[in-house]
Amino acid sequence: MLQLNLHPAGRHFLQIPGPSPVPDRILRAISYPTIDHRGPEFGALGRRVMAGIGAVFKTKQPVVIYPASGTGAWEAALVNTLSPGDAVLMYETGHFATLWKKMAERLGVVPEFLGLPGIEGWRRGVQADVIERHLKADAAHRIKAVCVVHNETSTGVTSDIAAVRRAIDAARHPALLMVDTISGLASADYRHDEWGVDVTVSGSQKGLMLPPGISFNVLSPKALKASESARLPKSFWAWDEIVDMNRNGYWPYTPSTNLLYGLAEAIDMILDEGLDNVFARHQRLAEACRAAVRAWGLEIQCVEEACHSPVLTGVMTPEGVDADRVRQLIYEHFNLSLGAGLGKLKGRMFRIGHLGDCNELTLMATLSGCEMGLRLAGVPLRASGVAAAMSQLQASTRPAARAPAH
Ligand SMILES: *Cc1c(COP(=O)(O)O)cnc(C)c1O
């Protein structure tokens with residue numbers, strides 16, 4: 001017989017940087033009956049979602065919603081805009097940037113992978129000046145796209161996308177700008193239109209607080225134009241039919257009806273709180289988390305002050321301490337899941353997610369679990385990170401906005 005106890009007392013703390021906890025309101029919305037995706041009620045749902053999602057991306061351009069994980073939306077961005085053998089510039093910020101580059105190679109485009117050697121590049125944001133230099137050297141305009149990750153989930157580094165746009169403009173280069181904000185959306189400020197992004201890629205299970213299963217491409221007129229002549233094979237991912245049918249709230253195939261109920265609810269929740277309040281809440285929690293790590297005397301993976309992620313914090317364990325063992329102890333003793341070190345950082349760090357449906361006490365419980373687990377693992381801590389985070393939160397607290405009392 002299976003001896004796993006999947007339901008220990010109390011609630012599980014899912015503090016990985018995606019999937020993030022799904023709020024009850026969204027779970028309830030997802031439990032509505034599945035309806036006819038060609039019927040009139042579905043059209044109303046589709047139009048409602050389409051009308052609301054643009055605000056979250058800060059765009060007036062078409063948003064394509066796929067019944068797929070984020071990886072599918074990565075593929076969609078590439079196959080809709082590029083042709084076999086096209087050169088693309090990609091930038092190595094961490095594990096997710098590396099996976100996107102591997103995908104580009106498998107699809108038959110030719111990425112040039114910029115970045116610093118070893119793990120140095122995995123501690124910093126995209127260096128826009130390096131991109132600018134490469135584009136200026138490409139007088140023949142062989143490079144068709146620049147692809148960067150906005151919030152690198154493997155490291156906790158958020159890059160300056162407006163600076164990448166300025167670099168492309170300064171080089172007077174026609175390359176498309178494609179940005180993965182799968183884990184940044186609805187947690188870190190993001191502006192598809194203002195930053196002149198041609199294709200934004202995102203997903204449902206991070207800042208949007210939904211289960212995994214839907215993902216997004218946001219287009220620009222230039223990206224749509226490129227898709228008319230791009231020759232990589234595409235069918236399921238092709239934008240033209242989806243964009244056309246979405247105008248009336250429908251899809252060319254069966255969409256994820258129940259996740260779209262959840263998305264409508266998530267959009268309401270995010271816009272009710274106010275996007276700027278959502279971003280400020282994430283910044284505040286991230287600062288308190290960093291105060292804890294510094295008090296412990298441990299190193300934060302991101303070394304650039306301006307690039308600390310509001311979504312997650314990467315915590316390096318001291319030399320000789322296996323970060324995966326620390327995570328395992330924390331999971332077994334305190335029913336708390338943390339993110340593992342990925343790729344080059346396996347065993348060297350763990351990741352604390354503080355995104356989506358997260359507040360002060362969620363973070364404090366998480367930090368308590370981390371602190372106890374670090375001590376159990378025998379990691380010498382300089383001081384209490386929990387105390388440091390409490391002081392920080394206490395000093396910056398305001399009463400939560402609520403509906404007026406009657
Ligand atoms: C989660 C994530 C992905 C992968 O998305 P899946 O939904 O797992 O396919 C890609 N890029 C980033 C930055 C992510 O955080």
# chains A, B, ... in the order shown; residues from 1 in each chain; ligands from 1
>>> residues_around(residues="segment 162-177 of chain A", least_positions_apart="4", cutoff="10 Å", atoms="only C-alpha atoms", output="PyMOL selection string")
chain A and resi 81-82+87-89+126-148+190-192+194-200+220+222-223+226
>>> closest_atom_pairs(of="chain A", to="ligand 1", cutoff="9 Å", atoms="only C-alpha atoms and all ligand atoms", output="tab-separated table")
residue	atom	partner	partner_atom_place_in_ligand_line	distance
A:Pro17	CA	ligand 1	15 (O)	7.4
A:Gly18	CA	ligand 1	1 (C)	6.4
A:Pro19	CA	ligand 1	1 (C)	7.8
A:Ala68	CA	ligand 1	7 (O)	7.6
A:Ser69	CA	ligand 1	7 (O)	3.9
A:Gly70	CA	ligand 1	7 (O)	3.6
A:Thr71	CA	ligand 1	9 (O)	3.6
A:Gly72	CA	ligand 1	9 (O)	6.5
A:Ala73	CA	ligand 1	9 (O)	8.0
A:Trp74	CA	ligand 1	10 (C)	7.6
A:His95	CA	ligand 1	13 (C)	8.5
A:Phe96	CA	ligand 1	11 (N)	5.0
A:Ala97	CA	ligand 1	11 (N)	7.2
A:Leu99	CA	ligand 1	10 (C)	7.9
A:Trp100	CA	ligand 1	10 (C)	7.6
A:Val149	CA	ligand 1	13 (C)	6.0
A:His150	CA	ligand 1	13 (C)	7.2
A:Asn151	CA	ligand 1	13 (C)	5.8
A:Glu152	CA	ligand 1	13 (C)	5.1
A:Thr153	CA	ligand 1	15 (O)	4.7
A:Ser154	CA	ligand 1	15 (O)	7.4
A:Asp180	CA	ligand 1	13 (C)	6.0
A:Thr181	CA	ligand 1	13 (C)	6.0
A:Ile182	CA	ligand 1	12 (C)	4.9
A:Ser183	CA	ligand 1	15 (O)	4.3
A:Gly184	CA	ligand 1	13 (C)	7.5
A:Val201	CA	ligand 1	11 (N)	8.5
A:Ser202	CA	ligand 1	11 (N)	7.9
A:Gly203	CA	ligand 1	7 (O)	5.9
A:Ser204	CA	ligand 1	7 (O)	7.5
A:Gln205	CA	ligand 1	7 (O)	7.1
A:Lys206	CA	ligand 1	1 (C)	7.3
A:Pro212	CA	ligand 1	7 (O)	6.4
A:Gly213	CA	ligand 1	7 (O)	7.3
A:Ile214	CA	ligand 1	7 (O)	8.1
A:Ser215	CA	ligand 1	7 (O)	7.4
>>> residues_around(residues="Ala51 of chain A", least_positions_apart="4", cutoff="10 Å", atoms="only C-alpha atoms", output="PDB file with N, CA and C atoms, in the first residue's frame")
ATOM      1  N   LEU A  45     -17.496  34.845 -22.119  1.00  0.00           N
ATOM      2  CA  LEU A  45     -16.307  34.626 -21.277  1.00  0.00           C
ATOM      3  C   LEU A  45     -15.036  35.013 -22.038  1.00  0.00           C
ATOM      4  N   GLY A  46     -14.944  34.545 -23.286  1.00  0.00           N
ATOM      5  CA  GLY A  46     -13.769  34.857 -24.113  1.00  0.00           C
ATOM      6  C   GLY A  46     -13.586  36.355 -24.279  1.00  0.00           C
ATOM      7  N   ARG A  47     -14.676  37.053 -24.540  1.00  0.00           N
ATOM      8  CA  ARG A  47     -14.572  38.505 -24.746  1.00  0.00           C
ATOM      9  C   ARG A  47     -14.208  39.212 -23.438  1.00  0.00           C
ATOM     10  N   ALA A  55      -4.712  44.870 -19.895  1.00  0.00           N
ATOM     11  CA  ALA A  55      -4.295  45.785 -18.826  1.00  0.00           C
ATOM     12  C   ALA A  55      -3.144  45.189 -18.028  1.00  0.00           C
ATOM     13  N   LYS A  60      -2.411  47.378 -25.765  1.00  0.00           N
ATOM     14  CA  LYS A  60      -3.654  47.449 -26.527  1.00  0.00           C
ATOM     15  C   LYS A  60      -3.585  46.492 -27.722  1.00  0.00           C
ATOM     16  N   VAL A  63      -3.592  39.723 -27.579  1.00  0.00           N
ATOM     17  CA  VAL A  63      -2.998  38.754 -26.646  1.00  0.00           C
ATOM     18  C   VAL A  63      -3.519  37.374 -27.040  1.00  0.00           C
ATOM     19  N   GLY A 249     -14.262  36.252 -29.279  1.00  0.00           N
ATOM     20  CA  GLY A 249     -14.229  35.535 -28.007  1.00  0.00           C
ATOM     21  C   GLY A 249     -14.111  34.026 -28.155  1.00  0.00           C
ATOM     22  N   ALA A 264     -10.358  34.966 -15.675  1.00  0.00           N
ATOM     23  CA  ALA A 264     -11.255  36.126 -15.516  1.00  0.00           C
ATOM     24  C   ALA A 264     -11.250  36.580 -14.051  1.00  0.00           C
TER      25      ALA A 264
END
>>> atom_distance(atom1="atom CA of Ser384 of chain A", atom2="atom CA of Val278 of chain A")
27.7 Å
>>> select_by_dssp(residues="segment 297-326 of chain A", states="helix (DSSP H, G or I)", output="CSV table (one decimal) with N, CA, C and O atoms, in the first residue's frame")
chain,number,residue,atom,x,y,z
A,305,GLU,N,22.2,45.4,-7.3
A,305,GLU,CA,21.2,46.0,-6.5
A,305,GLU,C,19.9,46.3,-7.3
A,305,GLU,O,18.8,46.0,-6.8
A,306,ALA,N,20.1,46.8,-8.5
A,306,ALA,CA,19.0,47.2,-9.3
A,306,ALA,C,18.2,46.1,-9.9
A,306,ALA,O,17.1,46.3,-10.4
A,307,CYS,N,18.7,44.9,-9.8
A,307,CYS,CA,18.1,43.7,-10.5
A,307,CYS,C,17.5,42.7,-9.6
A,307,CYS,O,17.1,41.6,-10.0
A,323,ALA,N,22.5,22.5,-0.8
A,323,ALA,CA,21.3,23.2,-0.7
A,323,ALA,C,20.0,22.3,-0.9
A,323,ALA,O,19.0,22.6,-0.3
A,324,ASP,N,20.2,21.2,-1.6
A,324,ASP,CA,19.1,20.3,-1.8
A,324,ASP,C,18.8,19.6,-0.5
A,324,ASP,O,17.6,19.2,-0.2
A,325,ARG,N,19.8,19.3,0.3
A,325,ARG,CA,19.6,18.6,1.6
A,325,ARG,C,18.8,19.6,2.5
A,325,ARG,O,17.9,19.2,3.3
A,326,VAL,N,19.2,20.9,2.5
A,326,VAL,CA,18.5,21.9,3.3
A,326,VAL,C,17.0,21.9,2.9
A,326,VAL,O,16.1,21.9,3.8
>>> atom_distance(atom1="atom CA of Tyr331 of chain A", atom2="atom CA of Val157 of chain A")
24.6 Å
>>> closest_atom_pairs(of="segment 283-374 of chain A", to="segment 389-398 of chain A", cutoff="7 Å", atoms="only C-alpha atoms", output="CSV")
residue,atom,partner,partner_atom,distance
A:Ala288,CA,A:Ala389,CA,4.7
A:Cys289,CA,A:Ala389,CA,6.3
A:Ala291,CA,A:Ala389,CA,5.6
A:Ala292,CA,A:Ala389,CA,5.2
>>> select_by_dssp(residues="segment 62-240 of chain A", states="strand (DSSP E)", output="PyMOL selection string")
chain A and resi 63-66+87-91+110-114+143-149+151-152+157-158+176-180+199-203+215-219
>>> decode(residues="segment 69-82 of chain A", atoms="N, CA, C and O atoms", output="PDB file, in the first residue's frame")
ATOM      1  N   SER A  69       1.613  25.017 -21.484  1.00  0.00           N
ATOM      2  CA  SER A  69       2.486  25.616 -20.471  1.00  0.00           C
ATOM      3  C   SER A  69       3.312  26.725 -21.118  1.00  0.00           C
ATOM      4  O   SER A  69       3.247  26.930 -22.339  1.00  0.00           O
ATOM      5  N   GLY A  70       4.103  27.413 -20.325  1.00  0.00           N
ATOM      6  CA  GLY A  70       4.908  28.524 -20.837  1.00  0.00           C
ATOM      7  C   GLY A  70       5.836  28.116 -21.965  1.00  0.00           C
ATOM      8  O   GLY A  70       6.072  28.883 -22.905  1.00  0.00           O
ATOM      9  N   THR A  71       6.336  26.903 -21.888  1.00  0.00           N
ATOM     10  CA  THR A  71       7.255  26.405 -22.919  1.00  0.00           C
ATOM     11  C   THR A  71       6.595  26.439 -24.301  1.00  0.00           C
ATOM     12  O   THR A  71       7.243  26.759 -25.304  1.00  0.00           O
ATOM     13  N   GLY A  72       5.309  26.136 -24.352  1.00  0.00           N
ATOM     14  CA  GLY A  72       4.588  26.205 -25.618  1.00  0.00           C
ATOM     15  C   GLY A  72       4.570  27.627 -26.162  1.00  0.00           C
ATOM     16  O   GLY A  72       4.759  27.851 -27.368  1.00  0.00           O
ATOM     17  N   ALA A  73       4.377  28.589 -25.295  1.00  0.00           N
ATOM     18  CA  ALA A  73       4.344  29.990 -25.732  1.00  0.00           C
ATOM     19  C   ALA A  73       5.718  30.471 -26.185  1.00  0.00           C
ATOM     20  O   ALA A  73       5.822  31.333 -27.069  1.00  0.00           O
ATOM     21  N   TRP A  74       6.791  29.925 -25.589  1.00  0.00           N
ATOM     22  CA  TRP A  74       8.152  30.184 -26.101  1.00  0.00           C
ATOM     23  C   TRP A  74       8.245  29.758 -27.559  1.00  0.00           C
ATOM     24  O   TRP A  74       8.754  30.472 -28.406  1.00  0.00           O
ATOM     25  N   GLU A  75       7.786  28.500 -27.796  1.00  0.00           N
ATOM     26  CA  GLU A  75       7.863  27.942 -29.153  1.00  0.00           C
ATOM     27  C   GLU A  75       7.028  28.784 -30.113  1.00  0.00           C
ATOM     28  O   GLU A  75       7.454  29.085 -31.230  1.00  0.00           O
ATOM     29  N   ALA A  76       5.844  29.173 -29.664  1.00  0.00           N
ATOM     30  CA  ALA A  76       4.961  29.977 -30.513  1.00  0.00           C
ATOM     31  C   ALA A  76       5.644  31.274 -30.947  1.00  0.00           C
ATOM     32  O   ALA A  76       5.544  31.689 -32.107  1.00  0.00           O
ATOM     33  N   ALA A  77       6.351  31.915 -30.010  1.00  0.00           N
ATOM     34  CA  ALA A  77       7.016  33.187 -30.327  1.00  0.00           C
ATOM     35  C   ALA A  77       8.042  32.976 -31.437  1.00  0.00           C
ATOM     36  O   ALA A  77       8.140  33.779 -32.373  1.00  0.00           O
ATOM     37  N   LEU A  78       8.788  31.883 -31.354  1.00  0.00           N
ATOM     38  CA  LEU A  78       9.858  31.640 -32.335  1.00  0.00           C
ATOM     39  C   LEU A  78       9.285  31.212 -33.685  1.00  0.00           C
ATOM     40  O   LEU A  78       9.673  31.746 -34.730  1.00  0.00           O
ATOM     41  N   VAL A  79       8.357  30.236 -33.683  1.00  0.00           N
ATOM     42  CA  VAL A  79       7.915  29.690 -34.979  1.00  0.00           C
ATOM     43  C   VAL A  79       7.030  30.663 -35.754  1.00  0.00           C
ATOM     44  O   VAL A  79       6.938  30.573 -36.973  1.00  0.00           O
ATOM     45  N   ASN A  80       6.409  31.603 -35.063  1.00  0.00           N
ATOM     46  CA  ASN A  80       5.569  32.554 -35.786  1.00  0.00           C
ATOM     47  C   ASN A  80       6.359  33.672 -36.452  1.00  0.00           C
ATOM     48  O   ASN A  80       5.841  34.354 -37.332  1.00  0.00           O
ATOM     49  N   THR A  81       7.610  33.898 -35.996  1.00  0.00           N
ATOM     50  CA  THR A  81       8.331  35.081 -36.473  1.00  0.00           C
ATOM     51  C   THR A  81       9.584  34.770 -37.274  1.00  0.00           C
ATOM     52  O   THR A  81      10.125  35.664 -37.918  1.00  0.00           O
ATOM     53  N   LEU A  82      10.096  33.517 -37.200  1.00  0.00           N
ATOM     54  CA  LEU A  82      11.428  33.247 -37.743  1.00  0.00           C
ATOM     55  C   LEU A  82      11.391  32.199 -38.854  1.00  0.00           C
ATOM     56  O   LEU A  82      10.421  31.447 -38.983  1.00  0.00           O
TER      57      LEU A  82
END
